[in-house]
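Trainee: File follows, final-v8.txt with compact mmCIF, C-alpha atoms:
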```txt
# COMPACT_ATOMS: atom_id res chain seq x y z
CA MET L 1 -193.53 52.57 91.04
CA THR L 2 -189.76 52.13 91.06
CA THR L 3 -188.02 48.82 91.17
CA THR L 4 -184.79 48.09 92.96
CA PRO L 5 -182.12 46.81 90.55
CA ALA L 6 -180.89 43.31 91.24
CA PRO L 7 -177.57 43.28 93.09
CA ALA L 8 -174.51 42.43 91.03
CA PRO L 9 -173.16 38.93 91.63
CA ALA L 10 -170.43 38.76 94.26
CA ARG L 11 -166.89 38.48 92.99
CA ASN L 12 -165.60 34.94 93.44
CA LEU L 13 -161.93 34.34 92.64
CA ARG L 14 -161.83 30.72 93.82
CA PRO L 15 -162.89 29.08 90.51
CA LEU L 16 -160.37 31.09 88.49
CA VAL L 17 -157.59 30.37 90.96
CA GLY L 18 -158.54 26.68 91.00
CA VAL L 19 -158.50 26.34 87.21
CA LEU L 20 -155.19 28.17 86.91
CA ALA L 21 -153.58 26.22 89.77
CA SER L 22 -154.64 22.86 88.36
CA SER L 23 -153.40 23.84 84.91
CA ALA L 24 -150.10 25.00 86.36
CA VAL L 25 -149.50 21.75 88.23
CA SER L 26 -150.53 19.44 85.40
CA LEU L 27 -148.63 21.39 82.74
CA THR L 28 -145.48 21.52 84.87
CA GLY L 29 -145.51 17.75 85.18
CA THR L 30 -146.04 17.42 81.43
CA ARG L 31 -143.09 19.72 80.73
CA VAL L 32 -140.89 17.68 83.08
CA SER L 33 -141.91 14.57 81.19
CA ALA L 34 -141.18 16.31 77.87
CA VAL L 35 -137.52 16.44 78.92
CA ALA L 36 -137.30 13.11 80.73
CA LEU L 37 -139.11 10.82 78.29
CA PRO L 38 -137.29 11.76 75.04
CA TRP L 39 -133.97 11.64 76.88
CA PHE L 40 -134.79 8.19 78.28
CA VAL L 41 -135.61 6.83 74.81
CA LEU L 42 -132.63 8.53 73.16
CA ALA L 43 -130.23 7.29 75.84
CA THR L 44 -131.51 3.70 75.83
CA THR L 45 -131.99 3.27 72.07
CA GLY L 46 -129.69 5.86 70.50
CA SER L 47 -132.34 6.38 67.80
CA ALA L 48 -133.82 9.74 66.85
CA THR L 49 -136.51 7.87 64.91
CA MET L 50 -137.66 5.90 67.97
CA THR L 51 -137.63 9.10 70.00
CA GLY L 52 -139.96 10.65 67.45
CA LEU L 53 -142.13 7.51 67.53
CA VAL L 54 -142.76 7.98 71.26
CA ALA L 55 -143.90 11.55 70.63
CA PHE L 56 -146.17 10.23 67.86
CA ALA L 57 -147.65 7.62 70.21
CA GLU L 58 -148.59 10.31 72.75
CA MET L 59 -149.86 13.06 70.48
CA THR L 60 -151.91 10.99 68.01
CA PRO L 61 -154.46 9.86 70.64
CA TYR L 62 -154.26 13.32 72.21
CA VAL L 63 -155.50 14.93 69.00
CA LEU L 64 -158.03 12.25 68.04
CA VAL L 65 -159.65 11.88 71.47
CA LYS L 66 -159.73 15.63 72.00
CA ALA L 67 -161.54 16.13 68.68
CA LEU L 68 -164.26 13.65 69.64
CA THR L 69 -164.84 14.61 73.27
CA GLY L 70 -166.17 18.15 72.74
CA PRO L 71 -169.84 17.04 72.95
CA LEU L 72 -169.06 14.98 76.07
CA VAL L 73 -167.43 17.97 77.75
CA ASP L 74 -170.49 20.08 76.95
CA ARG L 75 -172.83 17.31 78.16
CA LEU L 76 -171.04 16.03 81.30
CA GLY L 77 -169.41 19.28 82.31
CA PRO L 78 -165.70 20.14 82.10
CA ARG L 79 -165.12 19.88 85.85
CA VAL L 80 -165.92 16.15 85.92
CA VAL L 81 -163.98 15.50 82.72
CA SER L 82 -160.93 17.39 84.01
CA TRP L 83 -160.44 15.64 87.34
CA THR L 84 -161.24 12.13 86.07
CA THR L 85 -158.89 12.31 83.08
CA ASP L 86 -156.08 13.71 85.24
CA ALA L 87 -156.58 10.84 87.69
CA VAL L 88 -156.26 8.25 84.91
CA SER L 89 -153.18 10.05 83.55
CA ALA L 90 -151.60 9.89 87.00
CA VAL L 91 -152.04 6.12 87.15
CA ALA L 92 -150.66 5.58 83.63
CA ALA L 93 -147.69 7.90 84.20
CA GLY L 94 -146.89 6.21 87.51
CA LEU L 95 -146.86 2.76 85.90
CA VAL L 96 -143.99 3.69 83.56
CA PRO L 97 -141.23 4.06 86.22
CA LEU L 98 -142.74 1.21 88.25
CA LEU L 99 -142.64 -1.26 85.35
CA HIS L 100 -139.21 -0.04 84.29
CA GLY L 101 -137.88 -0.65 87.80
CA LEU L 102 -139.25 -4.19 87.68
CA GLY L 103 -137.71 -4.80 84.26
CA LEU L 104 -141.17 -5.22 82.70
CA LEU L 105 -141.22 -2.27 80.29
CA PRO L 106 -140.54 -3.32 76.69
CA PHE L 107 -140.67 -0.55 74.10
CA GLY L 108 -144.12 -1.60 72.87
CA LEU L 109 -145.61 -1.36 76.37
CA LEU L 110 -143.98 2.05 76.83
CA LEU L 111 -145.73 3.23 73.67
CA GLY L 112 -149.03 1.93 75.07
CA MET L 113 -148.64 3.78 78.38
CA VAL L 114 -147.69 6.97 76.58
CA ALA L 115 -150.73 6.60 74.31
CA VAL L 116 -153.04 6.33 77.34
CA ILE L 117 -151.54 9.50 78.83
CA GLY L 118 -152.03 11.33 75.53
CA ALA L 119 -155.63 10.12 75.21
CA MET L 120 -156.43 11.45 78.70
CA ARG L 121 -154.52 14.72 78.35
CA GLY L 122 -156.59 15.80 75.35
CA PRO L 123 -160.00 16.07 77.02
CA GLY L 124 -158.38 17.14 80.30
CA ASP L 125 -156.68 20.14 78.70
CA LEU L 126 -159.85 20.96 76.78
CA ALA L 127 -161.97 20.88 79.95
CA LYS L 128 -159.67 23.27 81.82
CA SER L 129 -159.68 25.71 78.92
CA VAL L 130 -163.48 25.63 78.60
CA MET L 131 -163.84 26.67 82.25
CA VAL L 132 -161.77 29.85 81.83
CA PRO L 133 -164.52 32.19 80.52
CA GLU L 134 -167.00 31.24 83.27
CA ALA L 135 -164.24 31.54 85.86
CA ALA L 136 -163.53 35.03 84.48
CA ASP L 137 -167.22 35.92 84.81
CA ARG L 138 -167.31 34.73 88.41
CA ALA L 139 -164.11 36.66 89.21
CA ARG L 140 -165.43 39.71 87.29
CA VAL L 141 -162.21 40.20 85.33
CA PRO L 142 -161.88 41.05 81.60
CA LEU L 143 -161.67 38.05 79.32
CA GLU L 144 -158.30 39.01 77.87
CA ARG L 145 -156.92 39.34 81.40
CA ALA L 146 -158.18 35.86 82.28
CA THR L 147 -156.69 34.37 79.10
CA GLY L 148 -153.52 36.32 79.82
CA LEU L 149 -153.31 34.79 83.29
CA SER L 150 -153.90 31.40 81.70
CA GLY L 151 -150.98 32.18 79.41
CA VAL L 152 -148.85 33.13 82.40
CA THR L 153 -149.73 29.79 83.97
CA GLU L 154 -148.67 27.93 80.85
CA ARG L 155 -145.44 29.91 80.61
CA LEU L 156 -144.61 29.30 84.26
CA ALA L 157 -145.03 25.61 83.64
CA SER L 158 -142.78 25.91 80.60
CA THR L 159 -140.19 27.59 82.82
CA LEU L 160 -140.25 25.30 85.83
CA GLY L 161 -140.85 22.10 83.89
CA PRO L 162 -137.69 22.09 81.73
CA ALA L 163 -135.56 23.32 84.65
CA VAL L 164 -136.86 20.62 87.00
CA GLY L 165 -136.79 18.02 84.26
CA GLY L 166 -133.24 18.82 83.17
CA GLY L 167 -131.99 18.83 86.76
CA LEU L 168 -133.76 15.59 87.66
CA VAL L 169 -132.52 13.78 84.56
CA ALA L 170 -128.96 14.97 85.15
CA MET L 171 -128.92 13.99 88.84
CA ALA L 172 -131.36 11.10 89.25
CA GLY L 173 -132.14 9.81 85.77
CA PRO L 174 -135.18 10.20 83.50
CA MET L 175 -137.47 7.95 85.55
CA ALA L 176 -137.44 10.50 88.37
CA GLY L 177 -138.99 13.01 85.99
CA LEU L 178 -141.79 10.59 85.15
CA VAL L 179 -142.54 10.09 88.86
CA VAL L 180 -142.91 13.86 89.19
CA ASN L 181 -145.25 13.84 86.18
CA ALA L 182 -147.51 11.24 87.81
CA ALA L 183 -147.62 13.20 91.08
CA ALA L 184 -148.48 16.41 89.20
CA PHE L 185 -151.43 14.80 87.43
CA ALA L 186 -152.74 13.48 90.75
CA LEU L 187 -152.47 16.89 92.43
CA GLY L 188 -154.13 18.63 89.50
CA SER L 189 -157.04 16.20 89.71
CA LEU L 190 -157.51 16.88 93.42
CA ILE L 191 -157.47 20.66 92.94
CA ILE L 192 -160.26 20.55 90.35
CA ALA L 193 -162.35 18.05 92.34
CA LEU L 194 -162.10 19.95 95.63
CA ALA L 195 -161.73 23.63 94.73
CA LEU L 196 -164.30 24.13 91.97
CA PRO L 197 -168.08 24.21 92.57
CA ARG L 198 -170.17 21.39 91.15
CA GLY L 199 -171.57 22.20 87.73
CA MET L 200 -168.71 24.57 86.95
CA GLY L 201 -168.49 25.15 83.22
CA ARG L 202 -171.71 23.34 82.32
CA THR L 203 -172.08 25.29 79.06
CA ALA L 204 -174.92 23.04 77.90
CA ALA L 205 -177.04 24.23 80.82
CA PRO L 206 -178.09 27.73 81.86
CA ALA L 207 -175.20 29.68 83.35
CA ALA L 208 -175.26 30.00 87.14
CA VAL L 209 -173.77 33.47 87.08
CA ALA L 210 -174.77 36.39 84.91
CA GLY L 211 -172.04 38.21 83.11
CA PRO L 212 -170.51 38.81 79.70
CA GLY L 213 -171.31 35.87 77.48
CA ALA L 214 -173.53 34.14 80.03
CA VAL L 215 -175.90 31.63 78.48
CA GLU L 216 -179.55 32.59 78.40
CA PRO L 217 -182.06 30.02 79.58
CA GLY L 218 -183.28 29.34 76.05
CA ALA L 219 -179.79 28.33 75.00
CA ALA L 220 -179.86 25.27 77.20
CA ALA L 221 -181.67 23.38 74.51
CA GLN L 222 -178.56 23.40 72.40
CA GLY L 223 -177.00 20.92 74.75
CA GLY L 224 -179.75 18.43 73.89
CA GLY L 225 -179.85 15.89 71.12
CA GLY L 226 -177.57 12.99 70.42
CA TYR L 227 -173.80 12.95 70.36
CA TRP L 228 -173.46 13.31 66.58
CA ARG L 229 -175.99 16.12 66.43
CA MET L 230 -173.97 18.04 69.02
CA PHE L 231 -170.77 17.26 67.13
CA ARG L 232 -172.32 18.49 63.86
CA GLU L 233 -173.43 21.75 65.49
CA GLY L 234 -169.86 22.51 66.49
CA TYR L 235 -168.55 21.60 63.04
CA THR L 236 -171.19 23.73 61.28
CA PHE L 237 -170.36 26.76 63.38
CA LEU L 238 -166.60 26.42 62.91
CA ARG L 239 -166.91 25.97 59.15
CA ALA L 240 -168.66 29.36 58.91
CA GLU L 241 -165.86 31.24 60.72
CA PRO L 242 -163.12 32.23 58.20
CA LEU L 243 -160.90 33.88 60.83
CA LEU L 244 -160.90 30.86 63.10
CA LEU L 245 -160.21 28.53 60.16
CA THR L 246 -157.28 30.67 59.01
CA VAL L 247 -155.85 30.73 62.52
CA ILE L 248 -156.19 26.94 62.75
CA VAL L 249 -154.31 26.31 59.50
CA MET L 250 -151.42 28.59 60.44
CA ILE L 251 -151.15 27.26 63.99
CA GLY L 252 -151.36 23.71 62.64
CA ILE L 253 -148.20 24.21 60.55
CA THR L 254 -146.28 25.99 63.31
CA ASN L 255 -147.32 23.35 65.85
CA LEU L 256 -145.95 20.61 63.59
CA LEU L 257 -142.61 22.42 63.40
CA ASP L 258 -142.57 23.17 67.15
CA ALA L 259 -143.30 19.53 67.98
CA GLY L 260 -140.38 18.27 65.94
CA PHE L 261 -138.20 20.98 67.44
CA ALA L 262 -138.99 20.16 71.07
CA THR L 263 -139.16 16.37 70.93
CA VAL L 264 -136.33 15.58 68.51
CA LEU L 265 -134.25 18.52 67.27
CA VAL L 266 -133.38 20.04 70.66
CA PRO L 267 -132.51 16.67 72.31
CA VAL L 268 -130.36 15.68 69.30
CA TRP L 269 -128.66 19.11 69.35
CA ALA L 270 -127.95 18.72 73.08
CA GLN L 271 -126.51 15.26 72.55
CA ASP L 272 -124.44 16.08 69.44
CA SER L 273 -123.01 19.25 70.99
CA GLY L 274 -122.06 17.41 74.19
CA ARG L 275 -124.07 19.83 76.35
CA GLY L 276 -126.46 17.18 77.66
CA PRO L 277 -129.91 17.48 79.27
CA ALA L 278 -128.85 20.46 81.40
CA ALA L 279 -128.69 22.55 78.20
CA ILE L 280 -132.28 21.53 77.40
CA GLY L 281 -133.34 22.72 80.82
CA LEU L 282 -131.38 25.99 80.53
CA THR L 283 -132.76 26.97 77.12
CA GLY L 284 -136.27 25.93 78.07
CA SER L 285 -136.11 27.92 81.29
CA ALA L 286 -134.73 31.01 79.54
CA MET L 287 -137.60 30.88 77.09
CA GLY L 288 -140.11 30.19 79.83
CA ILE L 289 -138.99 33.04 82.12
CA ALA L 290 -139.18 35.55 79.28
CA ALA L 291 -142.55 34.11 78.22
CA VAL L 292 -143.88 34.66 81.74
CA ALA L 293 -142.80 38.31 81.50
CA GLY L 294 -144.48 38.63 78.11
CA SER L 295 -147.65 36.97 79.36
CA LEU L 296 -147.82 39.22 82.42
CA ILE L 297 -147.53 42.30 80.23
CA ALA L 298 -150.14 40.87 77.87
CA ALA L 299 -152.51 40.20 80.79
CA GLY L 300 -152.22 43.83 81.84
CA VAL L 301 -152.28 45.72 78.55
CA ALA L 302 -153.23 43.34 75.71
CA HIS L 303 -156.86 44.52 75.77
CA ARG L 304 -155.60 47.99 74.72
CA LEU L 305 -153.15 46.92 71.99
CA PRO L 306 -153.86 46.28 68.29
CA ARG L 307 -154.17 42.52 68.14
CA ARG L 308 -153.04 41.94 64.58
CA VAL L 309 -149.74 43.84 64.89
CA VAL L 310 -148.88 42.33 68.28
CA PHE L 311 -149.82 38.83 67.15
CA PHE L 312 -147.52 38.73 64.14
CA ALA L 313 -144.70 40.57 65.89
CA GLY L 314 -144.85 37.89 68.56
CA PHE L 315 -144.61 35.13 65.97
CA LEU L 316 -141.68 36.86 64.26
CA LEU L 317 -139.73 36.72 67.52
CA ALA L 318 -140.94 33.31 68.67
CA GLY L 319 -140.55 31.28 65.50
CA ALA L 320 -137.64 30.99 63.06
CA PRO L 321 -134.81 32.44 65.24
CA ARG L 322 -134.85 29.41 67.58
CA PHE L 323 -134.20 26.99 64.72
CA LEU L 324 -131.52 29.11 63.07
CA VAL L 325 -129.50 29.76 66.23
CA LEU L 326 -129.15 26.03 66.90
CA ALA L 327 -128.03 25.52 63.30
CA SER L 328 -125.43 28.28 63.60
CA GLY L 329 -123.33 26.51 66.25
CA ALA L 330 -123.51 29.60 68.48
CA PRO L 331 -122.29 29.43 72.10
CA LEU L 332 -124.78 28.42 74.76
CA TRP L 333 -125.25 31.95 76.11
CA THR L 334 -126.28 33.16 72.64
CA VAL L 335 -128.71 30.27 72.26
CA ALA L 336 -130.24 31.05 75.64
CA THR L 337 -130.59 34.74 74.72
CA VAL L 338 -132.39 33.95 71.45
CA PHE L 339 -134.69 31.54 73.28
CA ALA L 340 -135.46 34.26 75.84
CA VAL L 341 -136.41 36.74 73.11
CA ALA L 342 -138.58 34.05 71.50
CA GLY L 343 -140.27 33.39 74.82
CA PHE L 344 -141.07 37.07 75.33
CA GLY L 345 -142.74 37.24 71.92
CA SER L 346 -144.68 34.04 72.47
CA GLY L 347 -146.13 35.38 75.71
CA PHE L 348 -148.45 37.67 73.74
CA LEU L 349 -149.87 34.95 71.47
CA ASN L 350 -152.15 32.80 73.61
CA PRO L 351 -153.97 35.69 75.36
CA ILE L 352 -154.95 37.06 71.95
CA LEU L 353 -155.91 33.67 70.53
CA GLY L 354 -157.94 32.77 73.61
CA ALA L 355 -159.82 36.06 73.67
CA VAL L 356 -160.67 35.83 69.95
CA LEU L 357 -162.00 32.29 70.41
CA PHE L 358 -164.09 33.06 73.48
CA GLU L 359 -165.53 36.23 71.87
CA ARG L 360 -166.64 34.48 68.68
CA VAL L 361 -167.98 31.15 69.98
CA PRO L 362 -171.27 30.97 71.94
CA ARG L 363 -170.84 29.37 75.35
CA PRO L 364 -173.19 26.41 74.66
CA LEU L 365 -170.97 25.43 71.70
CA LEU L 366 -167.64 26.20 73.32
CA GLY L 367 -166.59 22.65 74.16
CA ARG L 368 -167.39 21.31 70.70
CA VAL L 369 -165.87 24.17 68.71
CA HIS L 370 -162.85 24.40 70.97
CA ALA L 371 -162.25 20.65 70.68
CA LEU L 372 -162.48 20.64 66.89
CA GLY L 373 -160.36 23.77 66.49
CA ASP L 374 -157.64 22.58 68.84
CA SER L 375 -157.56 19.12 67.31
CA LEU L 376 -157.18 20.48 63.79
CA ALA L 377 -154.49 22.91 64.94
CA TRP L 378 -152.71 20.08 66.77
CA ALA L 379 -153.15 17.52 63.98
CA GLY L 380 -149.55 17.94 62.84
CA ILE L 381 -148.04 17.54 66.30
CA PRO L 382 -148.01 13.71 66.27
CA LEU L 383 -146.20 13.84 62.94
CA GLY L 384 -143.77 16.55 64.04
CA GLY L 385 -141.48 14.33 66.05
CA LEU L 386 -141.84 11.45 63.61
CA LEU L 387 -140.95 13.55 60.57
CA ALA L 388 -138.15 15.38 62.37
CA GLY L 389 -136.59 12.12 63.51
CA ALA L 390 -136.76 10.63 60.02
CA ALA L 391 -135.38 13.82 58.45
CA VAL L 392 -132.45 13.99 60.87
CA ALA L 393 -131.62 10.35 60.17
CA LEU L 394 -131.77 11.06 56.43
CA VAL L 395 -129.96 14.41 55.96
CA GLY L 396 -128.60 15.39 59.38
CA LEU L 397 -129.51 17.92 62.05
CA ILE L 398 -128.32 21.23 60.53
CA PRO L 399 -130.24 21.05 57.21
CA VAL L 400 -133.43 20.13 59.07
CA LEU L 401 -133.03 23.08 61.46
CA VAL L 402 -132.49 25.55 58.60
CA ALA L 403 -135.38 24.22 56.50
CA SER L 404 -137.74 24.25 59.48
CA GLY L 405 -136.82 27.83 60.38
CA VAL L 406 -137.42 29.06 56.83
CA LEU L 407 -140.77 27.26 56.62
CA TYR L 408 -141.81 28.78 59.97
CA PHE L 409 -141.04 32.30 58.74
CA VAL L 410 -142.83 31.84 55.40
CA THR L 411 -145.94 30.35 57.06
CA THR L 412 -146.47 33.12 59.59
CA GLY L 413 -145.57 35.89 57.14
CA ALA L 414 -147.87 34.66 54.37
CA ALA L 415 -150.77 34.13 56.76
CA GLY L 416 -150.51 37.72 57.96
CA LEU L 417 -151.35 38.99 54.48
CA ARG L 418 -154.78 37.37 54.41
CA ARG L 419 -157.77 39.68 54.85
CA GLU L 420 -159.42 37.52 57.54
CA TRP L 421 -156.96 38.85 60.10
CA ARG L 422 -158.67 42.25 59.99
CA GLU L 423 -161.49 40.60 61.97
CA MET L 424 -159.31 40.09 65.05
CA ASP L 425 -160.28 43.41 66.62
CA ARG L 426 -163.87 43.70 65.34
CA LEU L 427 -165.60 41.90 68.24
CA ARG L 428 -163.19 43.00 70.97
CA GLY L 429 -164.96 43.19 74.31
CA HIS L 430 -168.22 41.71 73.01
CA ALA L 431 -169.71 38.46 74.25
CA PRO L 432 -170.78 36.02 71.52
CA ALA L 433 -174.44 35.89 70.65
CA VAL L 434 -176.36 32.85 71.81
CA ALA L 435 -176.18 30.41 68.92
CA GLU L 436 -179.26 29.22 67.13
CA GLU L 437 -179.56 25.51 66.50
CA PRO L 438 -178.21 24.89 62.98
CA ASP L 439 -181.07 22.55 62.06
CA ARG L 440 -183.82 24.97 63.01
CA ALA L 441 -184.79 28.40 61.68
CA PRO L 442 -184.73 31.18 64.30
CA GLU L 443 -188.05 32.06 65.84
CA PRO L 444 -189.46 35.55 65.13
CA ALA L 445 -188.73 38.17 67.73
CA ARG L 446 -191.44 38.73 70.30
CA GLY L 447 -192.34 42.28 71.23
```
Could you rewrite the structure in this file as structure tokens?
Mentor:
Amino acid sequence: MTTTPAPAPARNLRPLVGVLASSAVSLTGTRVSAVALPWFVLATTGSATMTGLVAFAEMTPYVLVKALTGPLVDRLGPRVVSWTTDAVSAVAAGLVPLLHGLGLLPFGLLLGMVAVIGAMRGPGDLAKSVMVPEAADRARVPLERATGLSGVTERLASTLGPAVGGGLVAMAGPMAGLVVNAAAFALGSLIIALALPRGMGRTAAPAAVAGPGAVEPGAAAQGGGGYWRMFREGYTFLRAEPLLLTVIVMIGITNLLDAGFATVLVPVWAQDSGRGPAAIGLTGSAMGIAAVAGSLIAAGVAHRLPRRVVFFAGFLLAGAPRFLVLASGAPLWTVATVFAVAGFGSGFLNPILGAVLFERVPRPLLGRVHALGDSLAWAGIPLGGLLAGAAVALVGLIPVLVASGVLYFVTTGAAGLRREWREMDRLRGHAPAVAEEPDRAPEPARG
């Protein structure tokens, strides 16, 4: 007697498009705010240190809350977490220009509003990222292509955001950029709430769609237990992954340097050189446009390229040259060219990192491991602006730019020599095994 094979699940692009669209809108608003908010503080206070303090107030709760909400994302589902946190961010971001217009925005209250936005952005960004692999399964596209498209989305936001932010600040003032940020959060929340099916990304429950990496019914039990047990399961898994830990340490250092660069060093360079916020928008857009091109190429061919070589070549282009060209006093067209080359190299990084993460982490643990890994990698970001502002006040802009560029080069170069990086290509194209509960021995196989 022959049996008819079960039909393959229908291809459904709507979840993937919804996740990418929401990410694009929310990230664009954030990038607009990244130009408008530092410029507002720098223009009203004249202090690089206070500008760095605002960045610290946003990124510290971002990192801390994100680290602790992994079990909640796995338990509640990333769809619910995404649209609710974006809605709260929209309210907090909208209050900043409103209170400023009423003359009721002292610096301490501004720090509080920024902290709320950061606390909501952390789990919101995590939730959108966790939904990518299931969206790829539903759309029946390779994982590296899905992460590549996610990288394209981020790069598009990095292109449009600085351009819109620089133009708005130059023409209408920094508060206009914060209004756009609030509207972007609200739209991103609506897209997730309306476009994605209920239960999307519920990694703690059996997957609704079969496909690479889909969770087997027995894996649903891993979503059970209390909060701290779920948190410990994610920590135990991450601690046993040398490649992921090495990646986290390296990215943590480069993120610290990038945070100081974006929130303090570039605005101070634009002010000291007399080029103003339009120069921030131009350099950011040049980098973003080239990064989109790099990400599109990565989405198409990254699954056929050697990951290790491409990864470190991308960092060589994307890292130290940006710092050194600002320190050199080069003309604006040269600065924009170097930023464009850096953007092209950076376009290959996130697709590789995302694919490695999703291949190595079982779906039921994805929210917890992703939250811990991201939070550790982002732990230096709150200090980046703070340290950069203090360093500029102490020794001046040029020495800080040179020292940061050298440290960036040494960090990425030294990390590339470690043997863990050979693991980047070992599990290419393989879904992660369903994780066993750390506190329980695996059951014997049944014939």
Trainee: Could you list, with a cut-off of 8 Å and counting all atoms listed in the file, the residues of stretch 68-142 of chain L near stretch 172-178 of chain L, each shown with its nearest atom pair and the distance in Å rounded to one decimal, rows sorted by chain and ascending number, as JSON lines?
Mentor:
```
{"residue": "L:Ala93", "atom": "CA", "partner": "L:Leu178", "partner_atom": "CA", "distance": 6.6}
{"residue": "L:Gly94", "atom": "CA", "partner": "L:Leu178", "partner_atom": "CA", "distance": 7.1}
{"residue": "L:Val96", "atom": "CA", "partner": "L:Leu178", "partner_atom": "CA", "distance": 7.4}
{"residue": "L:Pro97", "atom": "CA", "partner": "L:Met175", "partner_atom": "CA", "distance": 5.5}
```
Trainee: Kindly compute an axis-aligned box around the listed atoms of stretch 137-140 of chain L, allowing 6 Å on each side, and express its centre and edge lengths in Å to one decimal as JSON.
Mentor:
```
{"center_x": -165.7, "center_y": 37.2, "center_z": 87.0, "size_x": 15.2, "size_y": 17.0, "size_z": 16.4}
```
Trainee: For L:Ala320, which residue among L:Gly405, L:Gly252, L:Gly276, L:Pro382 is the nearest when counting all atoms listed in the file?
Mentor: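 Between L:Gly405, L:Gly252, L:Gly276, L:Pro382, the residue approaching L:Ala320 most closely is L:Gly405.
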Trainee: Which of these, L:Leu156, L:Val19, L:Leu168, L:Ala36, has the shortest distance to L:Leu196 once you count all atoms listed in the file?
Mentor: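 Among the listed residues, L:Val19 lies closest to L:Leu196.
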Trainee: Using all atoms listed in the file, pick whichever of L:Thr69, L:Leu13, L:Leu42, L:Ala340 has the shortest atom-to-atom distance to L:Pro267.
Mentor: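 Of all the options, L:Leu42 lies closest to L:Pro267.
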Trainee: Hey, which of L:Ala55, L:Leu76, L:Ala327, L:Ala390 ends up closest to L:Asp272? Count all atoms listed in the file.
Mentor: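 The answer is L:Ala327, which sits nearest to L:Asp272.
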Trainee: Report, in Å with one decimal, the straight-line distance from atom CA of L:Gly329 to atom CA of L:Val406.
Mentor: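 Going from atom CA of L:Gly329 over to atom CA of L:Val406 covers 17.1 Å.
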Trainee: I want to know what sits within 10 Å of L:Val141, based on all atoms listed in the file, with residues of the same chain fewer than 4 positions away left out; could you give that as a VMD selection string?
Mentor: chain L and resid 11 13 16 133 135 to 137 145 to 146
Trainee: List the neighbours of L:Ala21 out to 9 Å using only C-alpha atoms; skip same-chain residues closer than 4 positions along the sequence, and give me the result as a PDB file with C-alpha atoms, in the coordinates of the input.
Mentor:
```pdb
ATOM      1  CA  LEU L  16    -160.370  31.090  88.490  1.00  0.00           C
ATOM      2  CA  VAL L  17    -157.590  30.370  90.960  1.00  0.00           C
ATOM      3  CA  VAL L  25    -149.500  21.750  88.230  1.00  0.00           C
ATOM      4  CA  SER L  26    -150.530  19.440  85.400  1.00  0.00           C
ATOM      5  CA  THR L 153    -149.730  29.790  83.970  1.00  0.00           C
ATOM      6  CA  GLY L 188    -154.130  18.630  89.500  1.00  0.00           C
ATOM      7  CA  ILE L 191    -157.470  20.660  92.940  1.00  0.00           C
ATOM      8  CA  ILE L 192    -160.260  20.550  90.350  1.00  0.00           C
TER       9      ILE L 192
END
```
Trainee: When distances are computed from all atoms listed in the file, which of L:Ser82, L:Asn350, L:Thr283, L:Thr60 shows the smallest separation from L:Leu190?
Mentor: L:Ser82
Trainee: Nearest to L:Tyr235 among L:Ala34, L:Arg368, L:Ala90, L:Ala393, with distances taken over all atoms listed in the file: which residue is it?
Mentor: L:Arg368
Trainee: Dump as a short mmCIF file (atom, residue, chain, number, x, y, z; two decimals) with C-alpha atoms, in the frame of the given file all residues having an atom at most 9 Å from (-158.7, 19.9, 60.6), computed in the file's coordinates with only C-alpha atoms.
Mentor:
```cif
data_model
loop_
_atom_site.label_atom_id
_atom_site.label_comp_id
_atom_site.auth_asym_id
_atom_site.auth_seq_id
_atom_site.Cartn_x
_atom_site.Cartn_y
_atom_site.Cartn_z
CA LEU L 245 -160.21 28.53 60.16
CA ILE L 248 -156.19 26.94 62.75
CA VAL L 249 -154.31 26.31 59.50
CA GLY L 252 -151.36 23.71 62.64
CA LEU L 372 -162.48 20.64 66.89
CA GLY L 373 -160.36 23.77 66.49
CA ASP L 374 -157.64 22.58 68.84
CA SER L 375 -157.56 19.12 67.31
CA LEU L 376 -157.18 20.48 63.79
CA ALA L 377 -154.49 22.91 64.94
CA TRP L 378 -152.71 20.08 66.77
CA ALA L 379 -153.15 17.52 63.98
#
```
Trainee: So the first atom is atom CA of L:Thr147 and the second is atom CA of L:Ala293; what is the distance between them in Å, to one decimal place?
Mentor: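 Distance reported for this atom pair: 14.6 Å.
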Trainee: Could you check which residues have any atom within 6 Å of (-150.5, 8.1, 79.6), counting only C-alpha atoms with coordinates taken straight from the file, and then list them as JSON, numbers by chain?
Mentor: {"L": [89, 92, 93, 113, 114, 115, 116, 117, 118]}
Trainee: Mind checking which residues fall within 7 Å of L:Asn181, counting only C-alpha atoms, ignoring those fewer than 4 positions away in the same chain, and posting them as a count of residues only?
Mentor: 7
Trainee: Which residues are close to stretch 254-259 of chain L, i.e. within 10 Å by all atoms listed in the file, leaving aside same-chain residues fewer than 4 positions away? Reply as a PyMOL selection string.
Mentor: chain L and resi 52+55-56+59+248-250+263-265+315+319-320+322-323+377-388+401+404-405+407-409+411-412
Trainee: What is the distance between atom CA of L:Arg14 and atom CA of L:Arg198, in Å to one decimal?
Mentor: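 Computed distance, atom CA of L:Arg14 to atom CA of L:Arg198, equals 12.8 Å.
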